[in-house]
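Shown next: final_3.txt, given as compact mmCIF, C-alpha atoms.
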# COMPACT_ATOMS: atom_id res chain seq x y z
CA ASP R 152 97.92 -4.29 158.93
CA LYS R 153 100.05 -7.01 157.32
CA THR R 154 99.61 -9.22 160.41
CA ASN R 155 95.99 -8.24 161.11
CA GLY R 156 97.05 -6.46 164.30
CA GLY R 157 99.65 -8.94 165.54
CA TRP R 158 98.97 -10.38 168.98
CA ILE R 159 95.65 -8.60 169.44
CA ASN R 160 94.05 -10.60 166.62
CA GLU R 161 93.23 -14.28 167.07
CA SER R 162 94.44 -14.99 163.53
CA ILE R 163 97.95 -14.91 165.01
CA VAL R 164 97.31 -18.38 166.46
CA ASP R 165 97.47 -20.07 163.05
CA TYR R 166 100.57 -18.10 162.10
CA TYR R 167 102.28 -19.15 165.30
CA VAL R 168 101.42 -22.83 164.91
CA ARG R 169 102.75 -22.82 161.35
CA TYR R 170 105.97 -21.24 162.62
CA ALA R 171 106.28 -23.82 165.41
CA ASP R 172 105.66 -26.62 162.91
CA VAL R 173 108.60 -25.46 160.79
CA VAL R 174 110.90 -25.24 163.82
CA TRP R 175 109.95 -28.65 165.16
CA SER R 176 110.13 -30.36 161.78
CA ASN R 177 113.81 -29.39 161.67
CA PHE R 178 114.91 -29.69 165.29
CA HIS R 179 112.56 -31.93 167.27
CA GLN R 180 115.00 -34.86 167.32
CA LYS R 181 117.89 -32.67 168.47
CA VAL R 182 116.25 -30.62 171.23
CA ARG R 183 114.63 -32.23 174.27
CA LYS R 184 113.15 -29.23 176.08
CA TRP R 185 111.01 -26.57 174.39
CA ILE R 186 109.64 -23.22 175.55
CA THR R 187 106.74 -21.86 173.51
CA PHE R 188 106.95 -18.28 174.83
CA ASN R 189 109.41 -16.28 176.88
CA GLU R 190 108.09 -13.37 178.95
CA ALA R 191 104.72 -12.83 177.30
CA TRP R 192 104.03 -10.34 180.10
CA THR R 193 106.79 -8.13 178.74
CA PHE R 194 105.65 -7.90 175.14
CA CYS R 195 101.95 -7.75 176.07
CA VAL R 196 102.06 -5.21 178.90
CA GLN R 197 104.88 -3.08 177.55
CA GLY R 198 103.86 -3.53 173.93
CA TYR R 199 100.08 -3.05 174.21
CA ASP R 200 99.52 -1.22 177.51
CA SER R 201 102.36 1.17 178.38
CA GLY R 202 103.61 1.14 174.77
CA THR R 203 107.30 1.26 175.71
CA HIS R 204 108.15 -1.86 173.66
CA ALA R 205 107.19 -2.86 170.14
CA PRO R 206 104.65 -2.45 168.66
CA GLY R 207 104.26 0.63 170.87
CA ARG R 208 100.48 0.66 171.29
CA CYS R 209 98.70 2.28 174.24
CA THR R 210 96.12 4.77 175.35
CA SER R 211 98.02 8.02 175.77
CA ASP R 212 98.07 9.10 179.42
CA SER R 213 100.19 12.10 180.36
CA GLU R 214 100.09 11.27 184.08
CA ARG R 215 101.91 7.99 183.45
CA ASN R 216 103.99 9.03 180.45
CA PHE R 217 102.04 6.81 178.04
CA ASN R 218 102.37 8.35 174.60
CA CYS R 219 101.35 6.29 171.57
CA PRO R 220 99.85 7.14 168.17
CA GLN R 221 97.26 4.37 168.53
CA GLY R 222 96.06 1.60 170.81
CA ASP R 223 93.70 0.82 173.70
CA SER R 224 95.46 -0.05 176.95
CA SER R 225 92.23 -1.15 178.62
CA THR R 226 91.61 -4.07 176.23
CA GLU R 227 94.56 -4.81 173.94
CA VAL R 228 96.88 -5.99 176.71
CA TYR R 229 94.36 -8.69 177.64
CA SER R 230 93.76 -9.63 173.99
CA CYS R 231 97.50 -10.06 173.52
CA ALA R 232 97.82 -12.42 176.49
CA HIS R 233 94.70 -14.33 175.43
CA ASN R 234 96.07 -15.00 171.97
CA VAL R 235 99.47 -15.97 173.38
CA LEU R 236 97.74 -18.58 175.54
CA LEU R 237 95.67 -19.88 172.63
CA SER R 238 98.83 -20.08 170.52
CA HIS R 239 100.64 -21.95 173.27
CA ALA R 240 97.83 -24.48 173.66
CA ALA R 241 97.53 -25.06 169.91
CA ALA R 242 101.28 -25.46 169.53
CA VAL R 243 101.54 -27.92 172.43
CA LYS R 244 98.69 -29.92 170.91
CA LEU R 245 100.62 -30.14 167.62
CA PHE R 246 103.88 -30.97 169.39
CA ARG R 247 102.39 -33.81 171.38
CA SER R 248 100.56 -35.31 168.41
CA LYS R 249 103.37 -35.02 165.86
CA TYR R 250 106.79 -34.35 167.37
CA SER R 251 106.89 -35.59 170.93
CA TRP R 252 109.38 -38.38 171.63
CA THR R 253 110.69 -40.08 174.74
CA GLY R 254 112.23 -37.52 177.06
CA SER R 255 110.97 -34.42 175.23
CA GLU R 256 109.25 -31.75 177.32
CA ILE R 257 107.47 -28.48 176.63
CA GLY R 258 106.37 -25.49 178.68
CA MET R 259 106.10 -21.71 178.85
CA THR R 260 108.43 -19.29 180.64
CA ASN R 261 106.87 -16.35 182.46
CA ASN R 262 108.57 -13.51 184.27
CA CYS R 263 107.50 -12.30 187.68
CA ASN R 264 108.66 -9.88 190.35
CA TRP R 265 107.94 -10.86 193.91
CA ALA R 266 105.50 -8.52 195.70
CA GLU R 267 106.30 -7.62 199.28
CA PRO R 268 103.35 -6.08 201.21
CA ALA R 269 104.08 -2.44 202.00
CA SER R 270 102.63 -2.94 205.50
CA ASP R 271 101.24 -5.68 207.72
CA SER R 272 97.66 -4.67 206.96
CA ASP R 273 95.31 -7.25 205.44
CA ALA R 274 94.63 -4.83 202.60
CA ASP R 275 98.30 -4.61 201.61
CA ILE R 276 98.84 -8.36 202.04
CA ASP R 277 95.90 -9.01 199.71
CA ALA R 278 97.20 -6.37 197.29
CA ALA R 279 100.60 -8.08 197.11
CA GLN R 280 98.87 -11.35 196.27
CA ARG R 281 96.86 -9.63 193.52
CA ASN R 282 100.03 -8.17 192.07
CA VAL R 283 101.66 -11.61 191.73
CA ILE R 284 98.43 -13.04 190.28
CA TRP R 285 98.25 -10.23 187.70
CA GLN R 286 101.83 -10.97 186.66
CA LEU R 287 102.03 -14.74 186.90
CA GLY R 288 98.63 -16.26 187.57
CA TRP R 289 97.34 -14.48 184.47
CA PHE R 290 99.43 -16.83 182.31
CA ALA R 291 100.00 -19.84 184.59
CA ASP R 292 96.47 -20.43 185.90
CA PRO R 293 95.10 -21.24 182.41
CA LEU R 294 97.88 -23.82 181.91
CA TYR R 295 97.29 -25.50 185.27
CA PHE R 296 93.57 -24.92 185.90
CA GLY R 297 92.17 -24.17 182.44
CA ASP R 298 91.04 -20.59 183.06
CA TYR R 299 92.02 -17.14 184.29
CA PRO R 300 92.16 -16.43 188.03
CA GLN R 301 88.71 -15.67 189.38
CA ILE R 302 89.87 -12.40 190.92
CA MET R 303 90.97 -11.16 187.49
CA LYS R 304 87.53 -11.99 186.10
CA ASP R 305 85.93 -10.11 188.98
CA TYR R 306 88.12 -7.02 188.66
CA VAL R 307 88.55 -6.76 184.87
CA GLY R 308 85.04 -7.83 183.89
CA ASP R 309 84.10 -8.09 180.24
CA ARG R 310 87.41 -6.58 179.11
CA LEU R 311 89.03 -9.93 179.97
CA PRO R 312 88.43 -12.36 177.07
CA GLN R 313 86.75 -15.69 177.76
CA PHE R 314 87.87 -19.19 176.80
CA THR R 315 85.53 -21.70 175.21
CA ASP R 316 85.16 -25.08 176.90
CA GLN R 317 87.41 -26.65 174.25
CA GLN R 318 90.06 -23.97 174.71
CA LYS R 319 90.00 -24.54 178.48
CA ALA R 320 90.50 -28.27 177.90
CA ASP R 321 93.39 -27.64 175.50
CA LEU R 322 95.08 -25.23 177.92
CA LYS R 323 94.80 -27.31 181.08
CA GLY R 324 97.85 -29.54 181.33
CA SER R 325 99.63 -27.99 178.33
CA HIS R 326 103.00 -28.12 180.09
CA ASN R 327 105.65 -30.47 181.41
CA PHE R 328 107.46 -27.87 183.52
CA PHE R 329 107.15 -24.35 184.89
CA GLY R 330 109.58 -21.85 183.35
CA LEU R 331 110.35 -18.78 185.48
CA ASN R 332 112.39 -15.63 184.97
CA HIS R 333 112.93 -13.69 188.18
CA TYR R 334 115.02 -10.61 188.95
CA THR R 335 113.55 -8.26 191.54
CA THR R 336 110.92 -7.40 194.17
CA THR R 337 108.74 -4.37 194.81
CA TRP R 338 106.74 -3.06 197.74
CA VAL R 339 103.03 -3.33 196.96
CA LYS R 340 100.29 -1.22 198.52
CA ASP R 341 96.51 -1.52 198.26
CA GLU R 342 94.85 1.19 196.17
CA SER R 343 91.26 -0.06 196.27
CA SER R 344 89.90 3.39 197.06
CA ASN R 345 91.42 4.99 193.96
CA SER R 346 89.41 5.71 190.79
CA PRO R 347 91.97 6.14 187.99
CA ALA R 348 91.21 7.92 184.74
CA LEU R 349 92.39 4.87 182.79
CA TRP R 350 91.62 1.27 183.66
CA ASP R 351 94.30 -1.09 182.36
CA TRP R 352 96.58 -3.90 183.54
CA TRP R 353 98.33 -1.58 185.98
CA THR R 354 95.22 -0.08 187.59
CA ASP R 355 92.79 -3.02 187.31
CA GLN R 356 94.60 -4.84 190.13
CA LYS R 357 94.08 -1.78 192.40
CA THR R 358 97.62 -1.73 193.71
CA SER R 359 100.72 0.44 193.54
CA SER R 360 104.20 -1.06 193.36
CA SER R 361 107.53 0.63 194.02
CA ALA R 362 111.08 -0.14 195.08
CA TYR R 363 110.50 2.48 197.79
CA ASN R 364 108.04 1.70 200.55
CA GLN R 365 104.90 3.77 200.11
CA TYR R 366 104.67 4.53 203.85
CA ASN R 367 108.21 5.12 205.04
CA GLY R 368 110.40 5.29 201.94
CA THR R 369 112.50 2.23 202.79
CA VAL R 370 114.19 0.91 199.65
CA ILE R 371 113.67 -2.80 198.98
CA GLY R 372 117.38 -3.32 198.23
CA PRO R 373 120.40 -1.96 196.33
CA ARG R 374 119.62 -0.66 192.86
CA ALA R 375 121.22 -2.23 189.78
CA GLU R 376 121.96 -0.31 186.57
CA SER R 377 118.40 -0.86 185.27
CA ALA R 378 115.89 1.43 186.97
CA TRP R 379 113.47 -1.47 187.50
CA LEU R 380 115.96 -3.85 189.16
CA TYR R 381 116.65 -3.78 192.90
CA VAL R 382 118.44 -6.63 194.64
CA TYR R 383 116.26 -8.60 197.07
CA GLY R 384 117.29 -12.24 197.22
CA ALA R 385 114.51 -13.30 199.60
CA GLY R 386 112.01 -12.60 196.82
CA MET R 387 113.36 -15.62 194.97
CA TYR R 388 112.68 -17.87 197.95
CA LYS R 389 109.16 -16.54 198.49
CA LEU R 390 108.18 -16.67 194.82
CA LEU R 391 109.35 -20.28 194.40
CA HIS R 392 107.26 -21.30 197.42
CA TRP R 393 104.27 -19.35 196.04
CA ILE R 394 104.47 -21.27 192.76
CA SER R 395 104.92 -24.57 194.56
CA ASP R 396 101.91 -23.95 196.80
CA ARG R 397 99.58 -22.70 194.06
CA TYR R 398 100.40 -25.22 191.34
CA ASN R 399 100.98 -28.40 193.37
CA ASN R 400 104.77 -28.29 193.34
CA PRO R 401 105.47 -28.48 189.60
CA PRO R 402 108.97 -29.05 188.21
CA ILE R 403 110.44 -25.53 187.94
CA PHE R 404 113.25 -24.31 185.73
CA LEU R 405 114.67 -20.89 186.54
CA THR R 406 115.33 -19.87 182.96
CA GLU R 407 116.63 -16.35 183.72
CA ASN R 408 118.15 -14.68 186.76
CA GLY R 409 120.80 -12.00 186.72
CA VAL R 410 121.71 -8.36 187.18
CA ASP R 411 123.41 -5.40 185.49
CA VAL R 412 126.05 -3.66 187.57
CA PRO R 413 125.57 0.09 188.21
CA ASP R 414 127.55 2.18 185.69
CA GLU R 415 129.15 -0.93 184.17
CA SER R 416 128.79 0.32 180.59
CA SER R 417 130.80 3.46 181.35
CA MET R 418 133.56 1.78 183.40
CA PRO R 419 137.08 1.07 182.17
CA LEU R 420 137.38 -2.57 181.14
CA GLU R 421 139.49 -3.61 184.13
CA GLU R 422 136.96 -2.17 186.56
CA ALA R 423 134.00 -3.72 184.72
CA LEU R 424 135.57 -7.16 184.93
CA ASN R 425 135.76 -6.92 188.72
CA ASP R 426 131.98 -7.28 189.12
CA THR R 427 131.61 -8.07 192.81
CA PHE R 428 128.11 -6.52 192.74
CA ARG R 429 127.02 -9.29 190.35
CA ILE R 430 128.70 -12.00 192.43
CA ASN R 431 126.88 -10.77 195.54
CA PHE R 432 123.61 -10.86 193.59
CA TYR R 433 124.12 -14.47 192.53
CA GLN R 434 125.15 -15.53 196.02
CA GLN R 435 121.90 -14.12 197.41
CA TYR R 436 119.54 -15.39 194.73
CA ILE R 437 121.07 -18.83 194.21
CA GLY R 438 121.28 -19.23 197.97
CA ASN R 439 117.58 -18.49 198.35
CA ALA R 440 116.69 -20.78 195.44
CA THR R 441 118.73 -23.55 197.05
CA LYS R 442 116.99 -22.96 200.38
CA ALA R 443 113.58 -23.33 198.72
CA LYS R 444 114.72 -26.51 196.96
CA ASN R 445 115.98 -27.97 200.21
CA GLU R 446 112.55 -27.31 201.72
CA GLY R 447 110.82 -29.35 199.02
CA VAL R 448 110.25 -26.97 196.10
CA ASN R 449 110.69 -29.01 192.92
CA LEU R 450 113.41 -26.84 191.39
CA ARG R 451 115.03 -28.75 188.51
CA GLY R 452 117.39 -26.22 186.92
CA TYR R 453 118.90 -22.74 187.06
CA MET R 454 120.16 -20.54 184.20
CA ALA R 455 122.08 -17.32 184.80
CA TRP R 456 121.22 -14.34 182.62
CA SER R 457 123.39 -14.13 180.82
CA LEU R 458 126.44 -15.86 179.38
CA MET R 459 127.63 -12.61 177.81
CA ASP R 460 126.52 -9.02 177.35
CA ASN R 461 123.84 -8.80 174.67
CA PHE R 462 120.93 -6.88 173.16
CA GLU R 463 118.50 -6.22 176.03
CA TRP R 464 114.96 -5.57 174.73
CA ALA R 465 114.39 -1.82 174.21
CA ASP R 466 117.60 -0.97 176.09
CA GLY R 467 119.69 -2.44 173.29
CA TYR R 468 123.39 -2.67 174.14
CA THR R 469 123.27 -0.03 176.89
CA LYS R 470 122.77 -2.58 179.70
CA ARG R 471 125.20 -5.38 180.49
CA PHE R 472 123.93 -8.56 182.17
CA GLY R 473 126.68 -10.91 181.02
CA LEU R 474 129.13 -13.06 182.92
CA HIS R 475 131.42 -12.17 180.03
CA TYR R 476 132.15 -8.64 178.86
CA VAL R 477 131.66 -7.92 175.15
CA ASP R 478 133.72 -5.06 173.72
CA TYR R 479 131.31 -3.64 171.17
CA GLN R 480 133.93 -1.22 169.84
CA ASN R 481 136.72 -3.74 169.21
CA ASN R 482 135.63 -6.71 167.14
CA LEU R 483 133.18 -7.94 169.82
CA THR R 484 136.07 -9.31 171.87
CA ARG R 485 134.89 -11.26 174.94
CA TYR R 486 136.46 -11.09 178.40
CA ALA R 487 135.49 -13.26 181.37
CA LYS R 488 134.32 -11.19 184.35
CA GLN R 489 135.04 -12.26 187.91
CA SER R 490 131.45 -13.47 188.11
CA ALA R 491 132.17 -15.97 185.32
CA TYR R 492 134.97 -17.52 187.37
CA TRP R 493 132.80 -17.49 190.50
CA PHE R 494 129.87 -19.11 188.69
CA SER R 495 132.11 -21.76 187.14
CA ASN R 496 133.66 -22.66 190.47
CA TYR R 497 130.29 -22.68 192.23
CA THR R 498 128.59 -24.97 189.74
CA GLN R 499 131.53 -27.39 189.59
CA LYS R 500 131.58 -27.69 193.37
CA LYS R 501 127.80 -28.21 193.56
CA SER R 502 127.75 -30.80 190.77
Can you give me the file's structure in the form of structure tokens?
Amino acid sequence: DKTNGGWINESIVDYYVRYADVVWSNFHQKVRKWITFNEAWTFCVQGYDSGTHAPGRCTSDSERNFNCPQGDSSTEVYSCAHNVLLSHAAAVKLFRSKYSWTGSEIGMTNNCNWAEPASDSDADIDAAQRNVIWQLGWFADPLYFGDYPQIMKDYVGDRLPQFTDQQKADLKGSHNFFGLNHYTTTWVKDESSNSPALWDWWTDQKTSSSAYNQYNGTVIGPRAESAWLYVYGAGMYKLLHWISDRYNNPPIFLTENGVDVPDESSMPLEEALNDTFRINFYQQYIGNATKAKNEGVNLRGYMAWSLMDNFEWADGYTKRFGLHYVDYQNNLTRYAKQSAYWFSNYTQKKS
């Protein structure tokens, strides 16, 4: 109530711009690159659809383990994203009119899994495309084209908010670079014939996604510690090309890419520091990113997630993504993992 509903109320736009104004008034001459939002998909879908993240709003659905005291998964998830986009556009407008200086750049970072068709059928190939559009095109299309993807308008209907002509104009071109967080890939199957009890972000796209192939059970790749993360380096290559093709080869910064090692939190320190699983992950993903760059994708930068173990969304300190181990029980002492040495050597050689 104190925030009028948070991200599902358009009044949040003014709050956000005031916040951005304070940040920029203090730091605009010290920081050259700015990201307005990081992973809006995560706090919109998991905050206002499945309800697994704050503020924990959803339509309760026992079949999918959605259990929230209040919320409407069919509409609030789209309202959240809409107000994020309006906030981004308004903030960029302020930045460019008041704080922009030579060399300063601004953009938004979105997260996206690659979608591998579960079969060679046209239906599954189209479904995989829809899945990527529902993740990434939902946020990126308004920034590059001024509006939501047409297929989302067709499938979601009047539950998808509309932009005014002025809002479309403010959104289009409100970026200097494309920020991307990428970790994993899923098999995606067409579910056009299904009629779910609840229409929401997950069901509106009429797909199913899983690390296990829906036809033959083949796993997409080795599982990490997190249940949602399976290693599939080729997804990085394919997603970078998808972005390049759809958005006219924009400058891309990979702002997050990393993995948590299975059972790392319960390992003895010496064993946790020998994180060959993480090194193999980086070799695959950086290799595929480099391949895409060599083929013409305008990849400008890469950031590993993360420098050290840290607080990971709703998982807290139970998952470790760091190149450095943090001993939470002993004065937060840091230890370099083998991946830290590998990453240091790799970047120095490539520079």
- Of the residues R:Ser272, R:Asn264, R:Thr226, R:Asn234, which is the one nearest to Gln286 of chain R, using only C-alpha atoms?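 The shortest atom-to-atom distance to Gln286 of chain R comes from R:Asn264.
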Which of these residues is nearest to Ala279 of chain R, using only C-alpha atoms: R:Val339, R:Ile159, R:Ala191, R:Leu237?
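Among R:Val339, R:Ile159, R:Ala191, R:Leu237, it is R:Val339 that comes nearest to Ala279 of chain R.
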Inset, instruction - Using all atoms listed in the file, pick whichever of R:Ala348, R:Ala423, R:Leu331, R:Val410 has the shortest atom-to-atom distance to Trp456 of chain R. - result: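 Counting all atoms listed in the file, the residue closest to Trp456 of chain R is R:Val410.
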Min atom-atom distance to Gly207 of chain R from the set R:Tyr453, R:Lys340, R:Asp172, R:Ala465, counting only C-alpha atoms, belongs to R:Ala465
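Atom CA of Asp411 of chain R to atom CA of Phe428 of chain R spans 8.7 Å [interatomic distance, one decimal].
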Proximity check segment 196-288 of chain R to segment 350-373 of chain R, 7 Å, nearest pairs one decimal Å, only C-alpha atoms, as JSON lines:
{"residue": "R:Ser224", "atom": "CA", "partner": "R:Asp351", "partner_atom": "CA", "distance": 5.6}
{"residue": "R:Ser225", "atom": "CA", "partner": "R:Asp351", "partner_atom": "CA", "distance": 4.3}
{"residue": "R:Ala269", "atom": "CA", "partner": "R:Asn364", "partner_atom": "CA", "distance": 5.9}
{"residue": "R:Ala278", "atom": "CA", "partner": "R:Thr358", "partner_atom": "CA", "distance": 5.9}
{"residue": "R:Arg281", "atom": "CA", "partner": "R:Gln356", "partner_atom": "CA", "distance": 6.3}
{"residue": "R:Asn282", "atom": "CA", "partner": "R:Gln356", "partner_atom": "CA", "distance": 6.7}
{"residue": "R:Trp285", "atom": "CA", "partner": "R:Gln356", "partner_atom": "CA", "distance": 6.9}
As a check of understanding: the span from atom CA of Thr315 of chain R to atom CA of Tyr299 of chain R is 12.1 Å
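Atom CA of Glu267 of chain R is found 29.2 Å from atom CA of Tyr497 of chain R.
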Of the candidates R:Tyr436, R:Trp192, R:Trp379, R:Tyr492, which one gets nearest to Phe290 of chain R if we count all atoms listed in the file?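 That would be R:Trp192, the residue with the smallest distance to Phe290 of chain R.
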Show me as a VMD selection string the residues that reach within 9 Å of (106.1, -21.2, 171.2), counting all atoms listed in the file and using the file's own coordinates. chain R and resid 167 to 168 170 to 171 185 to 189 235 238 to 239 242 to 243 258 to 259
Counting only C-alpha atoms, the residue among R:Asn482, R:Thr337, R:Asn160, R:Ser416 that lies closest to Ala232 of chain R is R:Asn160
